[in-house]
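File shown: start.txt. Contents: compact mmCIF, N, CA and C atoms.
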# COMPACT_ATOMS: atom_id res chain seq x y z
N MET H 11 0.83 -1.19 0.00
CA MET H 11 0.00 0.00 0.00
C MET H 11 0.88 1.25 0.00
N ALA H 12 0.51 2.20 -0.78
CA ALA H 12 1.26 3.45 -0.85
C ALA H 12 1.13 4.26 0.43
N LEU H 13 0.09 4.01 1.22
CA LEU H 13 -0.10 4.76 2.47
C LEU H 13 1.12 4.64 3.38
N ILE H 14 1.64 3.43 3.54
CA ILE H 14 2.79 3.24 4.43
C ILE H 14 4.00 3.97 3.88
N PHE H 15 4.23 3.91 2.57
CA PHE H 15 5.35 4.63 1.97
C PHE H 15 5.17 6.14 2.13
N ASP H 16 3.96 6.64 1.85
CA ASP H 16 3.71 8.08 2.00
C ASP H 16 3.92 8.52 3.44
N ALA H 17 3.51 7.69 4.40
CA ALA H 17 3.73 8.01 5.81
C ALA H 17 5.22 8.00 6.13
N LYS H 18 5.96 7.07 5.53
CA LYS H 18 7.40 6.99 5.75
C LYS H 18 8.09 8.25 5.24
N VAL H 19 7.70 8.72 4.08
CA VAL H 19 8.27 9.95 3.52
C VAL H 19 7.93 11.14 4.41
N ALA H 20 6.69 11.22 4.87
CA ALA H 20 6.28 12.32 5.76
C ALA H 20 7.03 12.25 7.08
N LEU H 21 7.24 11.05 7.59
CA LEU H 21 8.00 10.88 8.84
C LEU H 21 9.44 11.32 8.65
N TYR H 22 10.02 10.99 7.52
CA TYR H 22 11.38 11.43 7.21
C TYR H 22 11.48 12.95 7.21
N GLU H 23 10.52 13.61 6.57
CA GLU H 23 10.52 15.08 6.55
C GLU H 23 10.38 15.65 7.97
N ALA H 24 9.51 15.04 8.77
CA ALA H 24 9.34 15.49 10.16
C ALA H 24 10.61 15.24 10.97
N MET H 25 11.28 14.11 10.73
CA MET H 25 12.51 13.82 11.45
C MET H 25 13.61 14.81 11.11
N LYS H 26 13.70 15.19 9.83
CA LYS H 26 14.73 16.17 9.43
C LYS H 26 14.56 17.46 10.22
N GLY H 27 13.31 17.86 10.45
CA GLY H 27 13.07 19.08 11.20
C GLY H 27 13.24 18.91 12.70
N ALA H 28 13.12 17.67 13.20
CA ALA H 28 13.19 17.44 14.65
C ALA H 28 14.60 17.15 15.15
N MET H 29 15.51 16.74 14.28
CA MET H 29 16.85 16.35 14.73
C MET H 29 17.69 17.57 15.06
N PRO H 30 18.46 17.48 16.13
CA PRO H 30 19.33 18.60 16.49
C PRO H 30 20.53 18.68 15.55
N ASP H 31 21.25 19.78 15.61
CA ASP H 31 22.47 19.93 14.81
C ASP H 31 23.44 18.82 15.16
N GLY H 32 24.15 18.35 14.17
CA GLY H 32 25.15 17.32 14.39
C GLY H 32 24.65 15.91 14.14
N VAL H 33 23.34 15.73 13.93
CA VAL H 33 22.79 14.42 13.63
C VAL H 33 22.44 14.37 12.15
N MET H 34 23.12 13.49 11.42
CA MET H 34 22.84 13.34 10.00
C MET H 34 21.58 12.48 9.85
N CYS H 35 20.59 13.00 9.16
CA CYS H 35 19.31 12.31 8.95
C CYS H 35 19.18 12.00 7.47
N THR H 36 19.09 10.69 7.14
CA THR H 36 18.97 10.28 5.75
C THR H 36 17.79 9.33 5.60
N PHE H 37 17.30 9.22 4.38
CA PHE H 37 16.16 8.34 4.11
C PHE H 37 16.57 6.87 4.18
N ALA H 38 17.80 6.57 3.77
CA ALA H 38 18.29 5.19 3.77
C ALA H 38 19.71 5.19 4.33
N GLU H 39 20.18 4.03 4.70
CA GLU H 39 21.53 3.91 5.25
C GLU H 39 22.55 4.31 4.20
N THR H 40 23.49 5.14 4.61
CA THR H 40 24.51 5.63 3.68
C THR H 40 25.73 4.73 3.62
N GLY H 41 25.96 3.95 4.65
CA GLY H 41 27.17 3.14 4.72
C GLY H 41 28.38 3.93 5.14
N ASP H 42 28.18 5.23 5.43
CA ASP H 42 29.28 6.10 5.86
C ASP H 42 29.36 6.06 7.38
N ASN H 43 30.38 5.40 7.90
CA ASN H 43 30.52 5.28 9.35
C ASN H 43 31.35 6.39 9.96
N SER H 44 31.73 7.37 9.17
CA SER H 44 32.56 8.45 9.70
C SER H 44 31.77 9.47 10.51
N ARG H 45 30.45 9.49 10.36
CA ARG H 45 29.62 10.44 11.11
C ARG H 45 29.51 9.98 12.56
N ARG H 46 29.54 10.93 13.48
CA ARG H 46 29.43 10.58 14.90
C ARG H 46 27.99 10.25 15.28
N LYS H 47 27.03 10.96 14.67
CA LYS H 47 25.62 10.70 14.98
C LYS H 47 24.84 10.68 13.67
N GLN H 48 24.11 9.58 13.46
CA GLN H 48 23.31 9.49 12.24
C GLN H 48 22.05 8.69 12.51
N VAL H 49 21.00 9.02 11.76
CA VAL H 49 19.72 8.33 11.87
C VAL H 49 19.17 8.15 10.46
N TRP H 50 18.54 7.00 10.22
CA TRP H 50 17.97 6.73 8.90
C TRP H 50 16.77 5.80 9.04
N LEU H 51 15.98 5.73 7.97
CA LEU H 51 14.82 4.85 7.96
C LEU H 51 15.21 3.53 7.33
N GLY H 52 14.69 2.46 7.90
CA GLY H 52 15.02 1.12 7.42
C GLY H 52 13.83 0.44 6.78
N ALA H 53 13.62 -0.80 7.14
CA ALA H 53 12.60 -1.64 6.52
C ALA H 53 11.20 -1.10 6.75
N THR H 54 10.35 -1.33 5.76
CA THR H 54 8.94 -0.95 5.83
C THR H 54 8.11 -2.22 5.67
N THR H 55 7.12 -2.39 6.52
CA THR H 55 6.30 -3.59 6.49
C THR H 55 4.83 -3.22 6.46
N ASP H 56 4.08 -3.78 5.50
CA ASP H 56 2.62 -3.72 5.53
C ASP H 56 2.18 -4.97 6.27
N ASP H 57 1.84 -4.80 7.53
CA ASP H 57 1.56 -5.95 8.38
C ASP H 57 0.15 -6.47 8.21
N ASP H 58 -0.80 -5.59 7.99
CA ASP H 58 -2.20 -6.01 8.00
C ASP H 58 -3.00 -5.13 7.06
N LEU H 59 -3.69 -5.75 6.11
CA LEU H 59 -4.61 -5.07 5.21
C LEU H 59 -5.95 -5.77 5.36
N ALA H 60 -6.87 -5.13 6.03
CA ALA H 60 -8.15 -5.80 6.33
C ALA H 60 -9.31 -4.94 5.89
N PRO H 61 -10.28 -5.53 5.16
CA PRO H 61 -11.49 -4.77 4.81
C PRO H 61 -12.24 -4.40 6.08
N VAL H 62 -12.76 -3.18 6.08
CA VAL H 62 -13.44 -2.68 7.26
C VAL H 62 -14.96 -2.76 7.11
N ALA H 63 -15.45 -2.78 5.88
CA ALA H 63 -16.91 -2.79 5.67
C ALA H 63 -17.25 -3.62 4.46
N MET H 64 -18.41 -4.19 4.50
CA MET H 64 -18.94 -4.93 3.36
C MET H 64 -20.06 -4.09 2.76
N ARG H 65 -19.78 -3.44 1.65
CA ARG H 65 -20.77 -2.60 1.00
C ARG H 65 -20.38 -2.41 -0.45
N SER H 66 -21.29 -1.88 -1.24
CA SER H 66 -20.98 -1.62 -2.64
C SER H 66 -20.19 -0.32 -2.74
N GLY H 67 -19.49 -0.17 -3.82
CA GLY H 67 -18.70 1.04 -4.03
C GLY H 67 -17.33 0.92 -3.38
N ALA H 68 -16.74 2.08 -3.13
CA ALA H 68 -15.40 2.10 -2.53
C ALA H 68 -15.45 1.50 -1.13
N LYS H 69 -14.55 0.57 -0.88
CA LYS H 69 -14.54 -0.13 0.40
C LYS H 69 -13.35 0.35 1.23
N PRO H 70 -13.59 0.71 2.47
CA PRO H 70 -12.46 1.11 3.31
C PRO H 70 -11.62 -0.11 3.71
N THR H 71 -10.32 0.07 3.70
CA THR H 71 -9.39 -0.97 4.12
C THR H 71 -8.52 -0.41 5.22
N SER H 72 -8.48 -1.12 6.32
CA SER H 72 -7.62 -0.75 7.43
C SER H 72 -6.19 -1.20 7.10
N VAL H 73 -5.24 -0.27 7.22
CA VAL H 73 -3.84 -0.54 6.89
C VAL H 73 -3.01 -0.37 8.15
N ASN H 74 -2.30 -1.41 8.51
CA ASN H 74 -1.37 -1.35 9.64
C ASN H 74 -0.01 -1.80 9.14
N GLY H 75 1.01 -1.04 9.51
CA GLY H 75 2.35 -1.40 9.09
C GLY H 75 3.38 -0.82 10.02
N TYR H 76 4.63 -1.06 9.70
CA TYR H 76 5.74 -0.61 10.54
C TYR H 76 6.85 -0.02 9.69
N VAL H 77 7.52 0.95 10.26
CA VAL H 77 8.73 1.52 9.68
C VAL H 77 9.81 1.41 10.75
N GLU H 78 10.93 0.85 10.38
CA GLU H 78 12.05 0.79 11.31
C GLU H 78 12.93 2.01 11.13
N ILE H 79 13.37 2.54 12.25
CA ILE H 79 14.28 3.67 12.25
C ILE H 79 15.55 3.25 12.99
N HIS H 80 16.67 3.52 12.36
CA HIS H 80 17.96 3.12 12.94
C HIS H 80 18.78 4.36 13.23
N ALA H 81 19.52 4.31 14.32
CA ALA H 81 20.44 5.40 14.66
C ALA H 81 21.73 4.79 15.18
N VAL H 82 22.82 5.47 14.90
CA VAL H 82 24.13 5.05 15.37
C VAL H 82 24.85 6.27 15.92
N VAL H 83 25.48 6.07 17.07
CA VAL H 83 26.30 7.14 17.66
C VAL H 83 27.67 6.55 17.97
N ASN H 84 28.71 7.23 17.51
CA ASN H 84 30.09 6.87 17.83
C ASN H 84 30.63 7.92 18.78
N SER H 85 31.17 7.49 19.90
CA SER H 85 31.70 8.40 20.90
C SER H 85 33.19 8.09 21.08
N PRO H 86 34.01 9.11 21.23
CA PRO H 86 35.45 8.86 21.33
C PRO H 86 35.88 7.97 22.49
N GLY H 87 35.11 7.90 23.56
CA GLY H 87 35.61 7.07 24.63
C GLY H 87 34.63 6.66 25.70
N ASN H 88 33.46 7.23 25.69
CA ASN H 88 32.55 6.99 26.80
C ASN H 88 31.29 6.27 26.31
N PRO H 89 31.09 5.00 26.69
CA PRO H 89 29.89 4.30 26.24
C PRO H 89 28.61 4.89 26.82
N LEU H 90 28.69 5.53 27.98
CA LEU H 90 27.51 6.17 28.56
C LEU H 90 27.04 7.32 27.68
N ASP H 91 27.99 8.10 27.16
CA ASP H 91 27.63 9.21 26.28
C ASP H 91 27.00 8.71 24.98
N ALA H 92 27.54 7.62 24.44
CA ALA H 92 27.01 7.08 23.19
C ALA H 92 25.59 6.58 23.39
N GLU H 93 25.35 5.85 24.46
CA GLU H 93 24.00 5.33 24.68
C GLU H 93 23.02 6.45 25.03
N ARG H 94 23.46 7.41 25.81
CA ARG H 94 22.60 8.56 26.12
C ARG H 94 22.20 9.29 24.84
N ALA H 95 23.13 9.40 23.91
CA ALA H 95 22.85 10.11 22.66
C ALA H 95 21.82 9.38 21.81
N VAL H 96 21.84 8.03 21.76
CA VAL H 96 20.82 7.34 20.97
C VAL H 96 19.45 7.47 21.62
N TYR H 97 19.39 7.54 22.94
CA TYR H 97 18.10 7.76 23.60
C TYR H 97 17.59 9.18 23.31
N GLU H 98 18.50 10.14 23.19
CA GLU H 98 18.09 11.49 22.81
C GLU H 98 17.55 11.50 21.38
N ILE H 99 18.20 10.76 20.49
CA ILE H 99 17.70 10.65 19.11
C ILE H 99 16.32 10.00 19.12
N ARG H 100 16.15 8.96 19.93
CA ARG H 100 14.84 8.31 20.04
C ARG H 100 13.77 9.32 20.45
N ASP H 101 14.09 10.19 21.40
CA ASP H 101 13.13 11.20 21.83
C ASP H 101 12.79 12.18 20.71
N HIS H 102 13.78 12.49 19.87
CA HIS H 102 13.52 13.38 18.73
C HIS H 102 12.65 12.69 17.68
N VAL H 103 12.83 11.39 17.51
CA VAL H 103 11.96 10.64 16.59
C VAL H 103 10.54 10.61 17.14
N LYS H 104 10.39 10.44 18.45
CA LYS H 104 9.06 10.46 19.06
C LYS H 104 8.41 11.83 18.83
N ALA H 105 9.19 12.89 18.92
CA ALA H 105 8.66 14.23 18.66
C ALA H 105 8.24 14.38 17.20
N ALA H 106 9.00 13.78 16.28
CA ALA H 106 8.64 13.82 14.86
C ALA H 106 7.34 13.06 14.63
N CYS H 107 7.15 11.94 15.31
CA CYS H 107 5.89 11.19 15.20
C CYS H 107 4.72 12.03 15.71
N ALA H 108 4.92 12.70 16.82
CA ALA H 108 3.87 13.55 17.38
C ALA H 108 3.53 14.70 16.43
N ALA H 109 4.56 15.28 15.80
CA ALA H 109 4.33 16.37 14.84
C ALA H 109 3.55 15.86 13.64
N LEU H 110 3.87 14.65 13.19
CA LEU H 110 3.14 14.07 12.06
C LEU H 110 1.70 13.78 12.46
N ASN H 111 1.47 13.32 13.67
CA ASN H 111 0.10 13.08 14.15
C ASN H 111 -0.69 14.38 14.25
N ASP H 112 0.01 15.48 14.52
CA ASP H 112 -0.68 16.78 14.59
C ASP H 112 -1.08 17.29 13.22
N SER H 113 -0.46 16.76 12.16
CA SER H 113 -0.79 17.20 10.80
C SER H 113 -1.15 16.01 9.93
N LEU H 114 -2.08 15.19 10.37
CA LEU H 114 -2.45 13.96 9.67
C LEU H 114 -2.95 14.20 8.25
N GLY H 115 -3.49 15.37 7.97
CA GLY H 115 -4.03 15.66 6.64
C GLY H 115 -2.98 15.67 5.55
N THR H 116 -1.70 15.72 5.91
CA THR H 116 -0.65 15.74 4.89
C THR H 116 -0.52 14.40 4.18
N VAL H 117 -0.97 13.33 4.82
CA VAL H 117 -0.95 12.00 4.21
C VAL H 117 -2.38 11.48 4.21
N PRO H 118 -3.03 11.45 3.05
CA PRO H 118 -4.43 11.00 3.00
C PRO H 118 -4.59 9.58 3.56
N GLY H 119 -5.53 9.44 4.49
CA GLY H 119 -5.83 8.14 5.08
C GLY H 119 -5.04 7.80 6.32
N LEU H 120 -4.03 8.58 6.65
CA LEU H 120 -3.20 8.30 7.82
C LEU H 120 -3.98 8.60 9.10
N LEU H 121 -3.99 7.64 10.03
CA LEU H 121 -4.70 7.81 11.30
C LEU H 121 -3.77 8.01 12.48
N ASP H 122 -2.62 7.34 12.47
CA ASP H 122 -1.76 7.38 13.65
C ASP H 122 -0.36 6.89 13.31
N VAL H 123 0.65 7.54 13.89
CA VAL H 123 2.04 7.13 13.77
C VAL H 123 2.63 7.20 15.17
N ARG H 124 3.15 6.07 15.67
CA ARG H 124 3.72 6.11 17.01
C ARG H 124 4.80 5.05 17.20
N PRO H 125 5.84 5.41 17.95
CA PRO H 125 6.87 4.42 18.27
C PRO H 125 6.27 3.31 19.11
N GLU H 126 6.65 2.08 18.79
CA GLU H 126 6.08 0.94 19.50
C GLU H 126 7.11 0.19 20.32
N SER H 127 8.30 0.04 19.81
CA SER H 127 9.33 -0.66 20.57
C SER H 127 10.71 -0.18 20.13
N ALA H 128 11.67 -0.34 21.03
CA ALA H 128 13.03 0.09 20.73
C ALA H 128 14.02 -0.91 21.31
N SER H 129 15.14 -1.05 20.64
CA SER H 129 16.24 -1.82 21.21
C SER H 129 17.53 -1.04 21.01
N VAL H 130 18.39 -1.11 22.02
CA VAL H 130 19.66 -0.39 21.99
C VAL H 130 20.77 -1.39 22.26
N GLU H 131 21.82 -1.28 21.47
CA GLU H 131 22.99 -2.13 21.65
C GLU H 131 24.21 -1.22 21.74
N SER H 132 25.04 -1.44 22.74
CA SER H 132 26.24 -0.62 22.93
C SER H 132 27.47 -1.50 22.99
N THR H 133 28.56 -0.97 22.47
CA THR H 133 29.82 -1.68 22.45
C THR H 133 30.94 -0.70 22.73
N GLU H 134 31.93 -1.16 23.45
CA GLU H 134 33.11 -0.34 23.68
C GLU H 134 34.30 -1.02 23.02
N THR H 135 35.05 -0.26 22.23
CA THR H 135 36.21 -0.81 21.53
C THR H 135 37.43 0.04 21.87
N THR H 136 38.55 -0.32 21.31
CA THR H 136 39.77 0.47 21.54
C THR H 136 39.68 1.83 20.86
N ASP H 137 38.80 1.95 19.87
CA ASP H 137 38.62 3.23 19.16
C ASP H 137 37.58 4.13 19.83
N GLY H 138 36.85 3.63 20.80
CA GLY H 138 35.82 4.42 21.45
C GLY H 138 34.58 3.58 21.70
N ALA H 139 33.47 4.24 21.83
CA ALA H 139 32.21 3.57 22.12
C ALA H 139 31.26 3.72 20.95
N PHE H 140 30.40 2.73 20.80
CA PHE H 140 29.46 2.67 19.70
C PHE H 140 28.11 2.27 20.29
N SER H 141 27.06 2.98 19.90
CA SER H 141 25.72 2.61 20.36
C SER H 141 24.77 2.68 19.17
N ALA H 142 23.92 1.65 19.05
CA ALA H 142 22.98 1.56 17.93
C ALA H 142 21.56 1.41 18.45
N LEU H 143 20.64 2.09 17.80
CA LEU H 143 19.23 2.07 18.15
C LEU H 143 18.42 1.54 16.97
N THR H 144 17.48 0.67 17.27
CA THR H 144 16.47 0.27 16.29
C THR H 144 15.13 0.58 16.92
N LEU H 145 14.37 1.44 16.28
CA LEU H 145 13.07 1.88 16.78
C LEU H 145 12.00 1.44 15.79
N ARG H 146 11.01 0.75 16.27
CA ARG H 146 9.91 0.28 15.42
C ARG H 146 8.73 1.23 15.59
N VAL H 147 8.33 1.85 14.49
CA VAL H 147 7.23 2.82 14.49
C VAL H 147 6.02 2.20 13.80
N ARG H 148 4.91 2.20 14.49
CA ARG H 148 3.68 1.65 13.93
C ARG H 148 2.92 2.73 13.17
N VAL H 149 2.44 2.37 11.98
CA VAL H 149 1.68 3.28 11.13
C VAL H 149 0.30 2.66 10.92
N ARG H 150 -0.75 3.43 11.24
CA ARG H 150 -2.11 2.98 11.03
C ARG H 150 -2.84 3.95 10.13
N GLY H 151 -3.66 3.40 9.25
CA GLY H 151 -4.42 4.26 8.35
C GLY H 151 -5.62 3.52 7.77
N ARG H 152 -6.34 4.22 6.94
CA ARG H 152 -7.51 3.65 6.27
C ARG H 152 -7.56 4.23 4.86
N VAL H 153 -7.65 3.33 3.89
CA VAL H 153 -7.73 3.74 2.50
C VAL H 153 -9.02 3.20 1.91
N TYR H 154 -9.47 3.79 0.79
CA TYR H 154 -10.69 3.37 0.11
C TYR H 154 -10.33 2.85 -1.26
N GLN H 155 -10.80 1.62 -1.55
CA GLN H 155 -10.48 1.00 -2.84
C GLN H 155 -11.74 0.76 -3.63
What does this structure look like when you write it as structure tokens?
Amino acid sequence: MALIFDAKVALYEAMKGAMPDGVMCTFAETGDNSRRKQVWLGATTDDDLAPVAMRSGAKPTSVNGYVEIHAVVNSPGNPLDAERAVYEIRDHVKAACAALNDSLGTVPGLLDVRPESASVESTETTDGAFSALTLRVRVRGRVYQ
């Protein structure tokens, strides 16, 4: 369904406006590990497409899906700083979701966008500390076919 993709694009635009200076925000993973703080959108899933009504004419379909958001922070030496920074990025993504929910009319059929689960992994190496975030954002909407 294009609804999930359209919501993903709108979320990306909202994230670009919500991220603080120093955080590179891209639509897809760049593969560039030289940035200290970066966030990007990952996999998109249409989890559930269910008819909502049995009637003639255009039928509403409930659309539920997920967008994964990934963030990576490299810190010169402190794993606490790296992990704290990914949680700050998570909070900025939550703010972007809230901003998108405040302007639902920008994506026809969009009902709700909200973070659902997060996982954080941190590692300390001889080069410094590394922390990675994967945030799963649920997208709900209704389209007419």
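Across H:Leu13, H:Glu23, H:Arg146, H:Val130, the tightest approach to Val73 in chain H is made by H:Leu13 when counting all atoms listed in the file.
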*Which is closer to Ala128 in chain H than all the others in H:Glu98, H:Glu78, H:Gln155, H:Leu145, using all atoms listed in the file?*
H:Leu145
*Select, counting all atoms listed in the file, all protein, DNA and RNA residues no farther than 5 Å from (34.2, 4.6, 17.3) in file coordinates, and express the selection as a count of residues only.*
5
DSSP on the backbone: which residues in range 11-150 of chain H end up as strand (DSSP E or B)? Give the answer as a tab-separated table (two decimals) with N, CA and C atoms, in the frame of the given file.
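Output contents, as saved in result21.tsv:
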chain	number	residue	atom	x	y	z
H	34	MET	N	23.12	13.49	11.42
H	34	MET	CA	22.84	13.34	10.00
H	34	MET	C	21.58	12.48	9.85
H	35	CYS	N	20.59	13.00	9.16
H	35	CYS	CA	19.31	12.31	8.95
H	35	CYS	C	19.18	12.00	7.47
H	36	THR	N	19.09	10.69	7.14
H	36	THR	CA	18.97	10.28	5.75
H	36	THR	C	17.79	9.33	5.60
H	47	LYS	N	27.03	10.96	14.67
H	47	LYS	CA	25.62	10.70	14.98
H	47	LYS	C	24.84	10.68	13.67
H	48	GLN	N	24.11	9.58	13.46
H	48	GLN	CA	23.31	9.49	12.24
H	48	GLN	C	22.05	8.69	12.51
H	49	VAL	N	21.00	9.02	11.76
H	49	VAL	CA	19.72	8.33	11.87
H	49	VAL	C	19.17	8.15	10.46
H	50	TRP	N	18.54	7.00	10.22
H	50	TRP	CA	17.97	6.73	8.90
H	50	TRP	C	16.77	5.80	9.04
H	51	LEU	N	15.98	5.73	7.97
H	51	LEU	CA	14.82	4.85	7.96
H	51	LEU	C	15.21	3.53	7.33
H	52	GLY	N	14.69	2.46	7.90
H	52	GLY	CA	15.02	1.12	7.42
H	52	GLY	C	13.83	0.44	6.78
H	53	ALA	N	13.62	-0.80	7.14
H	53	ALA	CA	12.60	-1.64	6.52
H	53	ALA	C	11.20	-1.10	6.75
H	54	THR	N	10.35	-1.33	5.76
H	54	THR	CA	8.94	-0.95	5.83
H	54	THR	C	8.11	-2.22	5.67
H	55	THR	N	7.12	-2.39	6.52
H	55	THR	CA	6.30	-3.59	6.49
H	55	THR	C	4.83	-3.22	6.46
H	56	ASP	N	4.08	-3.78	5.50
H	56	ASP	CA	2.62	-3.72	5.53
H	56	ASP	C	2.18	-4.97	6.27
H	57	ASP	N	1.84	-4.80	7.53
H	57	ASP	CA	1.56	-5.95	8.38
H	57	ASP	C	0.15	-6.47	8.21
H	58	ASP	N	-0.80	-5.59	7.99
H	58	ASP	CA	-2.20	-6.01	8.00
H	58	ASP	C	-3.00	-5.13	7.06
H	59	LEU	N	-3.69	-5.75	6.11
H	59	LEU	CA	-4.61	-5.07	5.21
H	59	LEU	C	-5.95	-5.77	5.36
H	60	ALA	N	-6.87	-5.13	6.03
H	60	ALA	CA	-8.15	-5.80	6.33
H	60	ALA	C	-9.31	-4.94	5.89
H	61	PRO	N	-10.28	-5.53	5.16
H	61	PRO	CA	-11.49	-4.77	4.81
H	61	PRO	C	-12.24	-4.40	6.08
H	70	PRO	N	-13.59	0.71	2.47
H	70	PRO	CA	-12.46	1.11	3.31
H	70	PRO	C	-11.62	-0.11	3.71
H	71	THR	N	-10.32	0.07	3.70
H	71	THR	CA	-9.39	-0.97	4.12
H	71	THR	C	-8.52	-0.41	5.22
H	72	SER	N	-8.48	-1.12	6.32
H	72	SER	CA	-7.62	-0.75	7.43
H	72	SER	C	-6.19	-1.20	7.10
H	73	VAL	N	-5.24	-0.27	7.22
H	73	VAL	CA	-3.84	-0.54	6.89
H	73	VAL	C	-3.01	-0.37	8.15
H	74	ASN	N	-2.30	-1.41	8.51
H	74	ASN	CA	-1.37	-1.35	9.64
H	74	ASN	C	-0.01	-1.80	9.14
H	75	GLY	N	1.01	-1.04	9.51
H	75	GLY	CA	2.35	-1.40	9.09
H	75	GLY	C	3.38	-0.82	10.02
H	76	TYR	N	4.63	-1.06	9.70
H	76	TYR	CA	5.74	-0.61	10.54
H	76	TYR	C	6.85	-0.02	9.69
H	77	VAL	N	7.52	0.95	10.26
H	77	VAL	CA	8.73	1.52	9.68
H	77	VAL	C	9.81	1.41	10.75
H	78	GLU	N	10.93	0.85	10.38
H	78	GLU	CA	12.05	0.79	11.31
H	78	GLU	C	12.93	2.01	11.13
H	79	ILE	N	13.37	2.54	12.25
H	79	ILE	CA	14.28	3.67	12.25
H	79	ILE	C	15.55	3.25	12.99
H	80	HIS	N	16.67	3.52	12.36
H	80	HIS	CA	17.96	3.12	12.94
H	80	HIS	C	18.78	4.36	13.23
H	81	ALA	N	19.52	4.31	14.32
H	81	ALA	CA	20.44	5.40	14.66
H	81	ALA	C	21.73	4.79	15.18
H	82	VAL	N	22.82	5.47	14.90
H	82	VAL	CA	24.13	5.05	15.37
H	82	VAL	C	24.85	6.27	15.92
H	83	VAL	N	25.48	6.07	17.07
H	83	VAL	CA	26.30	7.14	17.66
H	83	VAL	C	27.67	6.55	17.97
H	84	ASN	N	28.71	7.23	17.51
H	84	ASN	CA	30.09	6.87	17.83
H	84	ASN	C	30.63	7.92	18.78
H	85	SER	N	31.17	7.49	19.90
H	85	SER	CA	31.70	8.40	20.90
H	85	SER	C	33.19	8.09	21.08
H	120	LEU	N	-4.03	8.58	6.65
H	120	LEU	CA	-3.20	8.30	7.82
H	120	LEU	C	-3.98	8.60	9.10
H	121	LEU	N	-3.99	7.64	10.03
H	121	LEU	CA	-4.70	7.81	11.30
H	121	LEU	C	-3.77	8.01	12.48
H	122	ASP	N	-2.62	7.34	12.47
H	122	ASP	CA	-1.76	7.38	13.65
H	122	ASP	C	-0.36	6.89	13.31
H	123	VAL	N	0.65	7.54	13.89
H	123	VAL	CA	2.04	7.13	13.77
H	123	VAL	C	2.63	7.20	15.17
H	124	ARG	N	3.15	6.07	15.67
H	124	ARG	CA	3.72	6.11	17.01
H	124	ARG	C	4.80	5.05	17.20
H	125	PRO	N	5.84	5.41	17.95
H	125	PRO	CA	6.87	4.42	18.27
H	125	PRO	C	6.27	3.31	19.11
H	126	GLU	N	6.65	2.08	18.79
H	126	GLU	CA	6.08	0.94	19.50
H	126	GLU	C	7.11	0.19	20.32
H	127	SER	N	8.30	0.04	19.81
H	127	SER	CA	9.33	-0.66	20.57
H	127	SER	C	10.71	-0.18	20.13
H	128	ALA	N	11.67	-0.34	21.03
H	128	ALA	CA	13.03	0.09	20.73
H	128	ALA	C	14.02	-0.91	21.31
H	129	SER	N	15.14	-1.05	20.64
H	129	SER	CA	16.24	-1.82	21.21
H	129	SER	C	17.53	-1.04	21.01
H	130	VAL	N	18.39	-1.11	22.02
H	130	VAL	CA	19.66	-0.39	21.99
H	130	VAL	C	20.77	-1.39	22.26
H	131	GLU	N	21.82	-1.28	21.47
H	131	GLU	CA	22.99	-2.13	21.65
H	131	GLU	C	24.21	-1.22	21.74
H	132	SER	N	25.04	-1.44	22.74
H	132	SER	CA	26.24	-0.62	22.93
H	132	SER	C	27.47	-1.50	22.99
H	133	THR	N	28.56	-0.97	22.47
H	133	THR	CA	29.82	-1.68	22.45
H	133	THR	C	30.94	-0.70	22.73
H	134	GLU	N	31.93	-1.16	23.45
H	134	GLU	CA	33.11	-0.34	23.68
H	134	GLU	C	34.30	-1.02	23.02
H	135	THR	N	35.05	-0.26	22.23
H	135	THR	CA	36.21	-0.81	21.53
H	135	THR	C	37.43	0.04	21.87
H	138	GLY	N	36.85	3.63	20.80
H	138	GLY	CA	35.82	4.42	21.45
H	138	GLY	C	34.58	3.58	21.70
H	139	ALA	N	33.47	4.24	21.83
H	139	ALA	CA	32.21	3.57	22.12
H	139	ALA	C	31.26	3.72	20.95
H	140	PHE	N	30.40	2.73	20.80
H	140	PHE	CA	29.46	2.67	19.70
H	140	PHE	C	28.11	2.27	20.29
H	141	SER	N	27.06	2.98	19.90
H	141	SER	CA	25.72	2.61	20.36
H	141	SER	C	24.77	2.68	19.17
H	142	ALA	N	23.92	1.65	19.05
H	142	ALA	CA	22.98	1.56	17.93
H	142	ALA	C	21.56	1.41	18.45
H	143	LEU	N	20.64	2.09	17.80
H	143	LEU	CA	19.23	2.07	18.15
H	143	LEU	C	18.42	1.54	16.97
H	144	THR	N	17.48	0.67	17.27
H	144	THR	CA	16.47	0.27	16.29
H	144	THR	C	15.13	0.58	16.92
H	145	LEU	N	14.37	1.44	16.28
H	145	LEU	CA	13.07	1.88	16.78
H	145	LEU	C	12.00	1.44	15.79
H	146	ARG	N	11.01	0.75	16.27
H	146	ARG	CA	9.91	0.28	15.42
H	146	ARG	C	8.73	1.23	15.59
H	147	VAL	N	8.33	1.85	14.49
H	147	VAL	CA	7.23	2.82	14.49
H	147	VAL	C	6.02	2.20	13.80
H	148	ARG	N	4.91	2.20	14.49
H	148	ARG	CA	3.68	1.65	13.93
H	148	ARG	C	2.92	2.73	13.17
H	149	VAL	N	2.44	2.37	11.98
H	149	VAL	CA	1.68	3.28	11.13
H	149	VAL	C	0.30	2.66	10.92
H	150	ARG	N	-0.75	3.43	11.24
H	150	ARG	CA	-2.11	2.98	11.03
H	150	ARG	C	-2.84	3.95	10.13
*asked:* Which residues are near Leu120 in chain H? Cut-off 8 Å, all atoms listed in the file, ignore same chain within fewer than 3 positions. Put them as a PyMOL selection string.
replied: chain H and resi 13+17+111+113-117+123+149-153
*Would you mind writing down, as a list of chain:residue names, each residue of range 37-126 of chain H that DSSP on the backbone assigns to alpha helix (DSSP H)?*
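Alpha helix (DSSP H) members of range 37-126 of chain H, listed: H:Pro89, H:Leu90, H:Asp91, H:Ala92, H:Glu93, H:Arg94, H:Ala95, H:Val96, H:Tyr97, H:Glu98, H:Ile99, H:Arg100, H:Asp101, H:His102, H:Val103, H:Lys104, H:Ala105, H:Ala106, H:Cys107, H:Ala108, H:Ala109, H:Leu110, H:Asn111, H:Asp112.
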*Nearest to Asn74 in chain H: which of H:Ala95, H:Thr55, H:Glu131, H:Tyr154 is it, counting only C-alpha atoms?*
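Checking each of H:Ala95, H:Thr55, H:Glu131, H:Tyr154 against Asn74 in chain H, counting only C-alpha atoms, the winner is H:Thr55.
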